[in-house]
>>> print(open('work_25.pdb').read())   # PDB, C-alpha atoms
ATOM      1  CA  GLN E1456       0.000   0.000   0.000
ATOM      2  CA  LEU E1457       1.596   3.255  -1.156
ATOM      3  CA  SER E1458      -0.839   5.696   0.447
ATOM      4  CA  GLY E1459       0.617   5.352   3.927
ATOM      5  CA  LEU E1460       4.120   5.936   2.593
ATOM      6  CA  GLY E1461       3.355   9.256   0.891
ATOM      7  CA  LYS E1462       4.463   7.864  -2.465
ATOM      8  CA  HIS E1463       2.874   8.932  -5.732
ATOM      9  CA  PHE E1464       4.020   6.143  -8.033
ATOM     10  CA  ALA E1465       4.701   2.426  -7.874
ATOM     11  CA  TYR E1466       7.288   0.485  -9.828
ATOM     12  CA  ASN E1467       7.644  -3.242 -10.422
ATOM     13  CA  ALA E1468       3.852  -3.477 -10.332
ATOM     14  CA  VAL E1469       1.894  -6.035 -12.301
ATOM     15  CA  PRO E1470       2.691  -5.214 -15.948
ATOM     16  CA  CYS E1471       0.121  -3.490 -18.136
ATOM     17  CA  GLU E1472      -0.789  -4.853 -21.583
ATOM     18  CA  ARG E1473       2.366  -3.261 -22.997
ATOM     19  CA  LYS E1474       4.542  -4.793 -20.214
ATOM     20  CA  HIS E1475       5.165  -1.506 -18.364
ATOM     21  CA  THR E1476       5.418  -1.647 -14.575
ATOM     22  CA  LEU E1477       5.114   2.028 -13.483
ATOM     23  CA  TYR E1478       1.745   3.064 -12.054
ATOM     24  CA  ALA E1479       0.102   6.164 -10.562
ATOM     25  CA  ARG E1480      -1.001   5.600  -6.972
ATOM     26  CA  SER E1481      -4.405   7.273  -7.164
ATOM     27  CA  SER E1482      -5.661   5.856 -10.444
ATOM     28  CA  GLY E1483      -3.710   2.611 -10.635
ATOM     29  CA  GLU E1484      -3.026   3.396 -14.294
ATOM     30  CA  CYS E1485       0.194   2.906 -16.213
ATOM     31  CA  ILE E1486       2.119   6.198 -16.358
ATOM     32  CA  GLU E1487       4.199   5.014 -19.293
ATOM     33  CA  CYS E1488       1.131   4.414 -21.460
ATOM     34  CA  ASN E1489      -0.468   7.697 -20.365
ATOM     35  CA  THR E1490       2.139  10.216 -19.192
ATOM     36  CA  ALA E1491      -0.594  12.792 -18.421
ATOM     37  CA  LYS E1492      -1.333  10.706 -15.306
ATOM     38  CA  ILE E1493       1.976  11.896 -13.833
ATOM     39  CA  GLU E1494       0.898  15.554 -13.780
ATOM     40  CA  PHE E1495      -2.622  14.661 -12.667
ATOM     41  CA  GLN E1496      -1.237  12.641  -9.734
ATOM     42  CA  LEU E1497       1.193  15.358  -8.643
ATOM     43  CA  ARG E1498      -1.319  18.229  -8.841
ATOM     44  CA  LYS E1499      -3.296  16.715  -5.961
ATOM     45  CA  TYR E1500      -0.393  17.422  -3.617
ATOM     46  CA  ARG E1501       0.655  20.886  -4.781
ATOM     47  CA  ASP E1502      -0.026  24.024  -2.826
ATOM     48  CA  GLY E1503      -2.324  26.310  -4.774
ATOM     49  CA  PHE E1504      -5.706  27.953  -4.910
ATOM     50  CA  VAL E1505      -9.053  26.192  -4.760
ATOM     51  CA  TYR E1506     -11.515  28.590  -6.322
ATOM     52  CA  ILE E1507     -15.134  29.272  -7.137
ATOM     53  CA  ALA E1508     -15.652  30.884 -10.525
ATOM     54  CA  GLY E1509     -19.000  31.875 -11.944
ATOM     55  CA  SER E1510     -20.507  32.534 -15.358
ATOM     56  CA  ALA E1511     -23.451  34.923 -15.044
ATOM     57  CA  LYS E1512     -24.639  34.237 -18.609
ATOM     58  CA  ALA E1513     -24.620  30.445 -18.220
ATOM     59  CA  GLN E1514     -25.639  30.585 -14.534
ATOM     60  CA  LEU E1515     -22.958  28.012 -13.734
ATOM     61  CA  ILE E1516     -20.411  27.667 -10.967
ATOM     62  CA  LYS E1517     -17.001  26.097 -11.520
ATOM     63  CA  LEU E1518     -14.998  24.715  -8.628
ATOM     64  CA  GLY E1519     -11.386  24.042  -9.440
ATOM     65  CA  MET E1520      -7.761  24.441  -8.461
ATOM     66  CA  THR E1521      -4.970  26.473  -9.971
ATOM     67  CA  LEU E1522      -1.547  27.884  -9.241
ATOM     68  CA  ASP E1523      -2.409  31.277 -10.832
ATOM     69  CA  LEU E1524      -5.880  32.817 -10.420
ATOM     70  CA  THR E1525      -5.447  35.567 -13.033
ATOM     71  CA  ASP E1526      -4.183  33.181 -15.687
ATOM     72  CA  ARG E1527      -6.923  30.655 -14.888
ATOM     73  CA  THR E1528      -9.668  33.254 -15.319
ATOM     74  CA  LYS E1529      -8.279  34.251 -18.726
ATOM     75  CA  THR E1530      -8.001  30.594 -19.778
ATOM     76  CA  LEU E1531     -11.574  29.746 -18.714
ATOM     77  CA  CYS E1532     -12.879  32.647 -20.790
ATOM     78  CA  SER E1533     -10.686  32.047 -23.846
ATOM     79  CA  GLN E1534     -11.454  28.307 -23.913
ATOM     80  CA  GLY E1535     -15.175  28.936 -23.532
ATOM     81  CA  TYR E1536     -15.267  26.609 -20.531
ATOM     82  CA  GLY E1537     -18.740  25.097 -20.248
ATOM     83  CA  GLY E1538     -19.858  27.156 -23.236
ATOM     84  CA  ALA E1539     -19.275  30.457 -21.387
ATOM     85  CA  SER E1540     -16.748  33.242 -21.894
ATOM     86  CA  ASP E1541     -17.653  35.502 -18.958
ATOM     87  CA  TRP E1542     -16.005  33.648 -16.074
ATOM     88  CA  ASP E1543     -15.226  35.645 -12.954
ATOM     89  CA  MET E1544     -13.354  34.549  -9.811
ATOM     90  CA  LEU E1545     -15.818  34.765  -6.945
ATOM     91  CA  ALA E1546     -13.915  33.244  -4.013
ATOM     92  CA  TRP E1547     -10.739  31.307  -3.361
ATOM     93  CA  ALA E1548      -8.525  29.842  -0.688
ATOM     94  CA  LYS E1549      -4.768  29.296  -0.808
ATOM     95  CA  VAL E1550      -4.240  25.785   0.516
ATOM     96  CA  ARG E1551      -1.818  22.914   0.844
ATOM     97  CA  ASN E1552      -2.666  19.817  -1.232
ATOM     98  CA  ALA E1553      -5.034  21.847  -3.398
ATOM     99  CA  GLY E1554      -6.088  18.894  -5.547
ATOM    100  CA  GLN E1555      -7.245  16.967  -2.497
ATOM    101  CA  VAL E1556      -9.237  19.956  -1.193
ATOM    102  CA  GLU E1557     -10.783  20.366  -4.650
ATOM    103  CA  ALA E1558     -11.818  16.687  -4.648
ATOM    104  CA  ARG E1559     -13.508  17.116  -1.244
ATOM    105  CA  VAL E1560     -15.508  20.115  -2.523
ATOM    106  CA  HIS E1561     -16.609  18.130  -5.576
ATOM    107  CA  LYS E1562     -17.673  15.233  -3.358
ATOM    108  CA  LEU E1563     -19.843  17.540  -1.230
ATOM    109  CA  LEU E1564     -21.611  18.810  -4.363
ATOM    110  CA  GLU E1565     -21.951  15.393  -5.987
ATOM    111  CA  GLY E1566     -25.152  15.082  -7.953
ATOM    112  CA  ARG E1567     -25.230  18.790  -8.770
ATOM    113  CA  ASN E1568     -22.715  18.417 -11.616
ATOM    114  CA  VAL E1569     -23.534  19.810 -15.039
ATOM    115  CA  ASP E1570     -22.160  18.425 -18.301
ATOM    116  CA  GLY E1571     -20.309  20.833 -20.521
ATOM    117  CA  THR E1572     -17.451  21.170 -22.954
ATOM    118  CA  TYR E1573     -14.613  23.537 -23.793
ATOM    119  CA  GLU E1574     -11.936  23.797 -26.440
ATOM    120  CA  LYS E1575      -8.325  22.993 -25.604
ATOM    121  CA  ASN E1576      -5.583  22.872 -28.238
ATOM    122  CA  GLY E1577      -8.209  22.852 -30.977
ATOM    123  CA  ARG E1578     -10.048  19.840 -29.559
ATOM    124  CA  GLU E1579     -13.336  19.665 -27.698
ATOM    125  CA  GLN E1580     -12.946  18.428 -24.121
ATOM    126  CA  ALA E1581     -15.514  17.419 -21.503
ATOM    127  CA  CYS E1582     -15.960  19.557 -18.360
ATOM    128  CA  TYR E1583     -16.029  17.837 -14.977
ATOM    129  CA  GLU E1584     -16.013  20.791 -12.605
ATOM    130  CA  LEU E1585     -19.288  22.558 -13.441
ATOM    131  CA  PHE E1586     -22.122  22.770 -10.944
ATOM    132  CA  SER E1587     -25.655  24.078 -10.930
ATOM    133  CA  VAL E1588     -25.642  25.577  -7.430
ATOM    134  CA  GLY E1589     -25.953  28.990  -5.862
ATOM    135  CA  PHE E1590     -22.855  30.803  -4.706
ATOM    136  CA  MET E1591     -23.512  30.239  -1.002
ATOM    137  CA  GLU E1592     -23.908  26.476  -1.472
ATOM    138  CA  ALA E1593     -20.590  26.387  -3.360
ATOM    139  CA  PHE E1594     -18.965  28.686  -0.782
ATOM    140  CA  ASN E1595     -20.162  26.559   2.140
ATOM    141  CA  ALA E1596     -18.847  23.406   0.437
ATOM    142  CA  LEU E1597     -15.468  25.083  -0.049
ATOM    143  CA  VAL E1598     -15.307  26.223   3.584
ATOM    144  CA  ALA E1599     -16.306  22.735   4.791
ATOM    145  CA  SER E1600     -13.499  21.213   2.706
ATOM    146  CA  LEU E1601     -10.736  23.332   4.186
ATOM    147  CA  ASP E1602      -8.554  21.918   6.939
ATOM    148  CA  GLY E1603      -8.602  25.066   9.027
ATOM    149  CA  GLU E1604      -7.077  27.064   6.188
ATOM    150  CA  LYS E1605      -8.246  30.627   5.726
ATOM    151  CA  ILE E1606     -10.564  31.499   2.869
ATOM    152  CA  VAL E1607      -9.912  34.670   0.954
ATOM    153  CA  GLU E1608     -13.012  36.144  -0.572
ATOM    154  CA  ALA E1609     -13.576  38.387  -3.549
ATOM    155  CA  ASN E1610     -16.794  39.747  -5.023
ATOM    156  CA  ARG E1611     -18.950  38.005  -2.401
ATOM    157  CA  ALA E1612     -21.827  40.512  -2.515
ATOM    158  CA  ARG E1613     -21.855  40.428  -6.308
ATOM    159  CA  ALA E1614     -21.605  36.635  -6.287
ATOM    160  CA  VAL E1615     -24.653  36.239  -4.043
ATOM    161  CA  MET E1616     -26.607  38.633  -6.258
ATOM    162  CA  LEU E1617     -25.650  36.882  -9.533
ATOM    163  CA  PHE E1618     -25.822  33.314  -8.222
ATOM    164  CA  PRO E1619     -28.666  33.130  -5.645
TER     165      PRO E1619
END
>>> encode(input="work_25.pdb", output="structure tokens")
Amino acid sequence: QLSGLGKHFAYNAVPCERKHTLYARSSGECIECNTAKIEFQLRKYRDGFVYIAGSAKAQLIKLGMTLDLTDRTKTLCSQGYGGASDWDMLAWAKVRNAGQVEARVHKLLEGRNVDGTYEKNGREQACYELFSVGFMEAFNALVASLDGEKIVEANRARAVMLFP
């Protein structure tokens, strides 16, 4: 069991179909067959921001994690995340293990997910972080997911008005 050891990857595991033996801890998938799993595994343990973004036009909330809030806002808008280009950062918290905090927020809002798409590198991608919730429900889920870390708010009054 790797989880108790704080290790992200396993080697000499049971070989995949292509005879590789390197696996990501969280997904149990071969990181040689799919190198994107390396970054996905490591992002769970990086310090960063867990944020609530909102699209007033689409009336959607996005809960995600990033290392750079300004850049993330620009990217959400330029990619048309969830079919919207008016994303605004509504609240965020700087946390340790941001990917794990993000996963806890998503778990609390399970069943309120909304399907959507966006364009990345010229290809349509599925969205997994969209929710049909009011700002306060998203905010409360974020606060409940923090391990005593401080939340930094922005645009709260506007957020409550736009996302009741």
>>> closest_residue(input="work_25.pdb", among="E:Thr1476, E:Glu1579, E:Met1544, E:Glu1584", to="Cys1488 (chain E)", atoms="only C-alpha atoms")
E:Thr1476
>>> residues_around(input="work_25.pdb", residues="Ala1596 (chain E)", least_positions_apart="4", cutoff="8 Å", atoms="all atoms listed in the file", output="PDB file with C-alpha atoms, in the coordinates of the input")
ATOM      1  CA  VAL E1560     -15.508  20.115  -2.523  1.00  0.00           C
ATOM      2  CA  LEU E1563     -19.843  17.540  -1.230  1.00  0.00           C
ATOM      3  CA  LEU E1564     -21.611  18.810  -4.363  1.00  0.00           C
ATOM      4  CA  GLU E1592     -23.908  26.476  -1.472  1.00  0.00           C
ATOM      5  CA  SER E1600     -13.499  21.213   2.706  1.00  0.00           C
TER       6      SER E1600
END
>>> residues_around(input="work_25.pdb", residues="Arg1578 (chain E)", least_positions_apart="5", cutoff="12 Å", atoms="all atoms listed in the file", output="VMD selection string")
chain E and resid 1534 1572 to 1573
>>> atom_distance(input="work_25.pdb", atom1="CA of Ala1553 (chain E)", atom2="CA of Phe1594 (chain E)")
15.7 Å
>>> residues_around(input="work_25.pdb", residues="Val1615 (chain E)", least_positions_apart="4", cutoff="7 Å", atoms="all atoms listed in the file", output="JSON, numbers by chain")
{"E": [1590, 1591, 1611, 1619]}
>>> residues_near_point(input="work_25.pdb", point="(-17.5, 33.7, -9.5)", cutoff="12 Å", atoms="only C-alpha atoms", output="count of residues only")
44
>>> closest_residue(input="work_25.pdb", among="E:Cys1471, E:Cys1485, E:Val1550, E:Ala1465", to="Lys1605 (chain E)", atoms="all atoms listed in the file")
E:Val1550
>>> decode(input="work_25.pdb", residues="region 1507-1541 of chain E", atoms="N, CA, C and O atoms", output="PDB file, in the first residue's frame")
ATOM      1  N   ILE E1507     -13.769  29.289  -6.608  1.00  0.00           N
ATOM      2  CA  ILE E1507     -15.134  29.272  -7.137  1.00  0.00           C
ATOM      3  C   ILE E1507     -15.169  30.344  -8.211  1.00  0.00           C
ATOM      4  O   ILE E1507     -14.890  31.513  -7.933  1.00  0.00           O
ATOM      5  N   ALA E1508     -15.470  29.935  -9.429  1.00  0.00           N
ATOM      6  CA  ALA E1508     -15.652  30.884 -10.525  1.00  0.00           C
ATOM      7  C   ALA E1508     -17.108  30.800 -10.951  1.00  0.00           C
ATOM      8  O   ALA E1508     -17.757  29.764 -10.769  1.00  0.00           O
ATOM      9  N   GLY E1509     -17.614  31.873 -11.505  1.00  0.00           N
ATOM     10  CA  GLY E1509     -19.000  31.875 -11.944  1.00  0.00           C
ATOM     11  C   GLY E1509     -19.160  32.483 -13.321  1.00  0.00           C
ATOM     12  O   GLY E1509     -18.432  33.413 -13.685  1.00  0.00           O
ATOM     13  N   SER E1510     -20.099  31.955 -14.078  1.00  0.00           N
ATOM     14  CA  SER E1510     -20.507  32.534 -15.358  1.00  0.00           C
ATOM     15  C   SER E1510     -21.938  33.025 -15.179  1.00  0.00           C
ATOM     16  O   SER E1510     -22.864  32.220 -15.022  1.00  0.00           O
ATOM     17  N   ALA E1511     -22.117  34.343 -15.218  1.00  0.00           N
ATOM     18  CA  ALA E1511     -23.451  34.923 -15.044  1.00  0.00           C
ATOM     19  C   ALA E1511     -24.358  34.559 -16.215  1.00  0.00           C
ATOM     20  O   ALA E1511     -25.542  34.268 -16.019  1.00  0.00           O
ATOM     21  N   LYS E1512     -23.820  34.559 -17.432  1.00  0.00           N
ATOM     22  CA  LYS E1512     -24.639  34.237 -18.609  1.00  0.00           C
ATOM     23  C   LYS E1512     -25.134  32.798 -18.575  1.00  0.00           C
ATOM     24  O   LYS E1512     -26.289  32.513 -18.854  1.00  0.00           O
ATOM     25  N   ALA E1513     -24.248  31.868 -18.239  1.00  0.00           N
ATOM     26  CA  ALA E1513     -24.620  30.445 -18.220  1.00  0.00           C
ATOM     27  C   ALA E1513     -25.248  30.032 -16.895  1.00  0.00           C
ATOM     28  O   ALA E1513     -25.787  28.942 -16.786  1.00  0.00           O
ATOM     29  N   GLN E1514     -25.168  30.894 -15.886  1.00  0.00           N
ATOM     30  CA  GLN E1514     -25.639  30.585 -14.534  1.00  0.00           C
ATOM     31  C   GLN E1514     -25.036  29.269 -14.037  1.00  0.00           C
ATOM     32  O   GLN E1514     -25.733  28.385 -13.544  1.00  0.00           O
ATOM     33  N   LEU E1515     -23.702  29.187 -14.172  1.00  0.00           N
ATOM     34  CA  LEU E1515     -22.958  28.012 -13.734  1.00  0.00           C
ATOM     35  C   LEU E1515     -21.843  28.429 -12.786  1.00  0.00           C
ATOM     36  O   LEU E1515     -21.292  29.526 -12.877  1.00  0.00           O
ATOM     37  N   ILE E1516     -21.524  27.518 -11.898  1.00  0.00           N
ATOM     38  CA  ILE E1516     -20.411  27.667 -10.967  1.00  0.00           C
ATOM     39  C   ILE E1516     -19.367  26.617 -11.334  1.00  0.00           C
ATOM     40  O   ILE E1516     -19.702  25.480 -11.646  1.00  0.00           O
ATOM     41  N   LYS E1517     -18.104  27.030 -11.307  1.00  0.00           N
ATOM     42  CA  LYS E1517     -17.001  26.097 -11.520  1.00  0.00           C
ATOM     43  C   LYS E1517     -16.160  26.075 -10.255  1.00  0.00           C
ATOM     44  O   LYS E1517     -15.809  27.121  -9.728  1.00  0.00           O
ATOM     45  N   LEU E1518     -15.876  24.887  -9.783  1.00  0.00           N
ATOM     46  CA  LEU E1518     -14.998  24.715  -8.628  1.00  0.00           C
ATOM     47  C   LEU E1518     -13.757  23.993  -9.102  1.00  0.00           C
ATOM     48  O   LEU E1518     -13.841  22.882  -9.615  1.00  0.00           O
ATOM     49  N   GLY E1519     -12.614  24.635  -8.945  1.00  0.00           N
ATOM     50  CA  GLY E1519     -11.386  24.042  -9.440  1.00  0.00           C
ATOM     51  C   GLY E1519     -10.192  24.432  -8.607  1.00  0.00           C
ATOM     52  O   GLY E1519     -10.322  25.058  -7.563  1.00  0.00           O
ATOM     53  N   MET E1520      -9.005  24.068  -9.113  1.00  0.00           N
ATOM     54  CA  MET E1520      -7.761  24.441  -8.461  1.00  0.00           C
ATOM     55  C   MET E1520      -6.800  24.960  -9.504  1.00  0.00           C
ATOM     56  O   MET E1520      -6.867  24.577 -10.660  1.00  0.00           O
ATOM     57  N   THR E1521      -5.946  25.870  -9.078  1.00  0.00           N
ATOM     58  CA  THR E1521      -4.970  26.473  -9.971  1.00  0.00           C
ATOM     59  C   THR E1521      -3.781  26.982  -9.170  1.00  0.00           C
ATOM     60  O   THR E1521      -3.869  27.146  -7.952  1.00  0.00           O
ATOM     61  N   LEU E1522      -2.709  27.260  -9.863  1.00  0.00           N
ATOM     62  CA  LEU E1522      -1.547  27.884  -9.241  1.00  0.00           C
ATOM     63  C   LEU E1522      -1.581  29.399  -9.461  1.00  0.00           C
ATOM     64  O   LEU E1522      -0.913  30.145  -8.762  1.00  0.00           O
ATOM     65  N   ASP E1523      -2.368  29.863 -10.460  1.00  0.00           N
ATOM     66  CA  ASP E1523      -2.409  31.277 -10.832  1.00  0.00           C
ATOM     67  C   ASP E1523      -3.851  31.672 -11.147  1.00  0.00           C
ATOM     68  O   ASP E1523      -4.390  31.302 -12.187  1.00  0.00           O
ATOM     69  N   LEU E1524      -4.471  32.440 -10.267  1.00  0.00           N
ATOM     70  CA  LEU E1524      -5.880  32.817 -10.420  1.00  0.00           C
ATOM     71  C   LEU E1524      -6.130  33.686 -11.652  1.00  0.00           C
ATOM     72  O   LEU E1524      -7.108  33.480 -12.376  1.00  0.00           O
ATOM     73  N   THR E1525      -5.263  34.664 -11.898  1.00  0.00           N
ATOM     74  CA  THR E1525      -5.447  35.567 -13.033  1.00  0.00           C
ATOM     75  C   THR E1525      -5.369  34.802 -14.349  1.00  0.00           C
ATOM     76  O   THR E1525      -6.222  34.950 -15.222  1.00  0.00           O
ATOM     77  N   ASP E1526      -4.346  33.971 -14.473  1.00  0.00           N
ATOM     78  CA  ASP E1526      -4.183  33.181 -15.687  1.00  0.00           C
ATOM     79  C   ASP E1526      -5.353  32.213 -15.872  1.00  0.00           C
ATOM     80  O   ASP E1526      -5.839  32.028 -16.989  1.00  0.00           O
ATOM     81  N   ARG E1527      -5.818  31.615 -14.790  1.00  0.00           N
ATOM     82  CA  ARG E1527      -6.923  30.655 -14.888  1.00  0.00           C
ATOM     83  C   ARG E1527      -8.195  31.332 -15.364  1.00  0.00           C
ATOM     84  O   ARG E1527      -8.920  30.775 -16.191  1.00  0.00           O
ATOM     85  N   THR E1528      -8.481  32.526 -14.878  1.00  0.00           N
ATOM     86  CA  THR E1528      -9.668  33.254 -15.319  1.00  0.00           C
ATOM     87  C   THR E1528      -9.603  33.521 -16.817  1.00  0.00           C
ATOM     88  O   THR E1528     -10.577  33.288 -17.544  1.00  0.00           O
ATOM     89  N   LYS E1529      -8.458  33.979 -17.290  1.00  0.00           N
ATOM     90  CA  LYS E1529      -8.279  34.251 -18.726  1.00  0.00           C
ATOM     91  C   LYS E1529      -8.466  32.977 -19.542  1.00  0.00           C
ATOM     92  O   LYS E1529      -9.113  32.981 -20.590  1.00  0.00           O
ATOM     93  N   THR E1530      -7.905  31.867 -19.054  1.00  0.00           N
ATOM     94  CA  THR E1530      -8.001  30.594 -19.778  1.00  0.00           C
ATOM     95  C   THR E1530      -9.436  30.093 -19.833  1.00  0.00           C
ATOM     96  O   THR E1530      -9.901  29.629 -20.880  1.00  0.00           O
ATOM     97  N   LEU E1531     -10.167  30.181 -18.719  1.00  0.00           N
ATOM     98  CA  LEU E1531     -11.574  29.746 -18.714  1.00  0.00           C
ATOM     99  C   LEU E1531     -12.365  30.507 -19.760  1.00  0.00           C
ATOM    100  O   LEU E1531     -13.174  29.924 -20.502  1.00  0.00           O
ATOM    101  N   CYS E1532     -12.145  31.818 -19.831  1.00  0.00           N
ATOM    102  CA  CYS E1532     -12.879  32.647 -20.790  1.00  0.00           C
ATOM    103  C   CYS E1532     -12.457  32.343 -22.223  1.00  0.00           C
ATOM    104  O   CYS E1532     -13.311  32.176 -23.101  1.00  0.00           O
ATOM    105  N   SER E1533     -11.162  32.265 -22.472  1.00  0.00           N
ATOM    106  CA  SER E1533     -10.686  32.047 -23.846  1.00  0.00           C
ATOM    107  C   SER E1533     -11.030  30.659 -24.376  1.00  0.00           C
ATOM    108  O   SER E1533     -11.252  30.488 -25.575  1.00  0.00           O
ATOM    109  N   GLN E1534     -11.101  29.665 -23.482  1.00  0.00           N
ATOM    110  CA  GLN E1534     -11.454  28.307 -23.913  1.00  0.00           C
ATOM    111  C   GLN E1534     -12.961  28.113 -24.005  1.00  0.00           C
ATOM    112  O   GLN E1534     -13.418  27.084 -24.479  1.00  0.00           O
ATOM    113  N   GLY E1535     -13.719  29.083 -23.532  1.00  0.00           N
ATOM    114  CA  GLY E1535     -15.175  28.936 -23.532  1.00  0.00           C
ATOM    115  C   GLY E1535     -15.602  27.791 -22.634  1.00  0.00           C
ATOM    116  O   GLY E1535     -16.462  26.987 -22.985  1.00  0.00           O
ATOM    117  N   TYR E1536     -15.008  27.727 -21.440  1.00  0.00           N
ATOM    118  CA  TYR E1536     -15.267  26.609 -20.531  1.00  0.00           C
ATOM    119  C   TYR E1536     -16.763  26.508 -20.245  1.00  0.00           C
ATOM    120  O   TYR E1536     -17.406  27.483 -19.875  1.00  0.00           O
ATOM    121  N   GLY E1537     -17.317  25.339 -20.483  1.00  0.00           N
ATOM    122  CA  GLY E1537     -18.740  25.097 -20.248  1.00  0.00           C
ATOM    123  C   GLY E1537     -19.639  25.894 -21.183  1.00  0.00           C
ATOM    124  O   GLY E1537     -20.812  26.101 -20.886  1.00  0.00           O
ATOM    125  N   GLY E1538     -19.082  26.369 -22.287  1.00  0.00           N
ATOM    126  CA  GLY E1538     -19.858  27.156 -23.236  1.00  0.00           C
ATOM    127  C   GLY E1538     -19.972  28.627 -22.843  1.00  0.00           C
ATOM    128  O   GLY E1538     -20.755  29.360 -23.442  1.00  0.00           O
ATOM    129  N   ALA E1539     -19.196  29.072 -21.859  1.00  0.00           N
ATOM    130  CA  ALA E1539     -19.275  30.457 -21.387  1.00  0.00           C
ATOM    131  C   ALA E1539     -17.931  31.159 -21.553  1.00  0.00           C
ATOM    132  O   ALA E1539     -16.878  30.531 -21.477  1.00  0.00           O
ATOM    133  N   SER E1540     -17.982  32.464 -21.757  1.00  0.00           N
ATOM    134  CA  SER E1540     -16.748  33.242 -21.894  1.00  0.00           C
ATOM    135  C   SER E1540     -16.720  34.423 -20.926  1.00  0.00           C
ATOM    136  O   SER E1540     -15.920  35.331 -21.084  1.00  0.00           O
ATOM    137  N   ASP E1541     -17.579  34.397 -19.911  1.00  0.00           N
ATOM    138  CA  ASP E1541     -17.653  35.502 -18.958  1.00  0.00           C
ATOM    139  C   ASP E1541     -17.299  35.078 -17.529  1.00  0.00           C
ATOM    140  O   ASP E1541     -17.850  35.597 -16.569  1.00  0.00           O
TER     141      ASP E1541
END
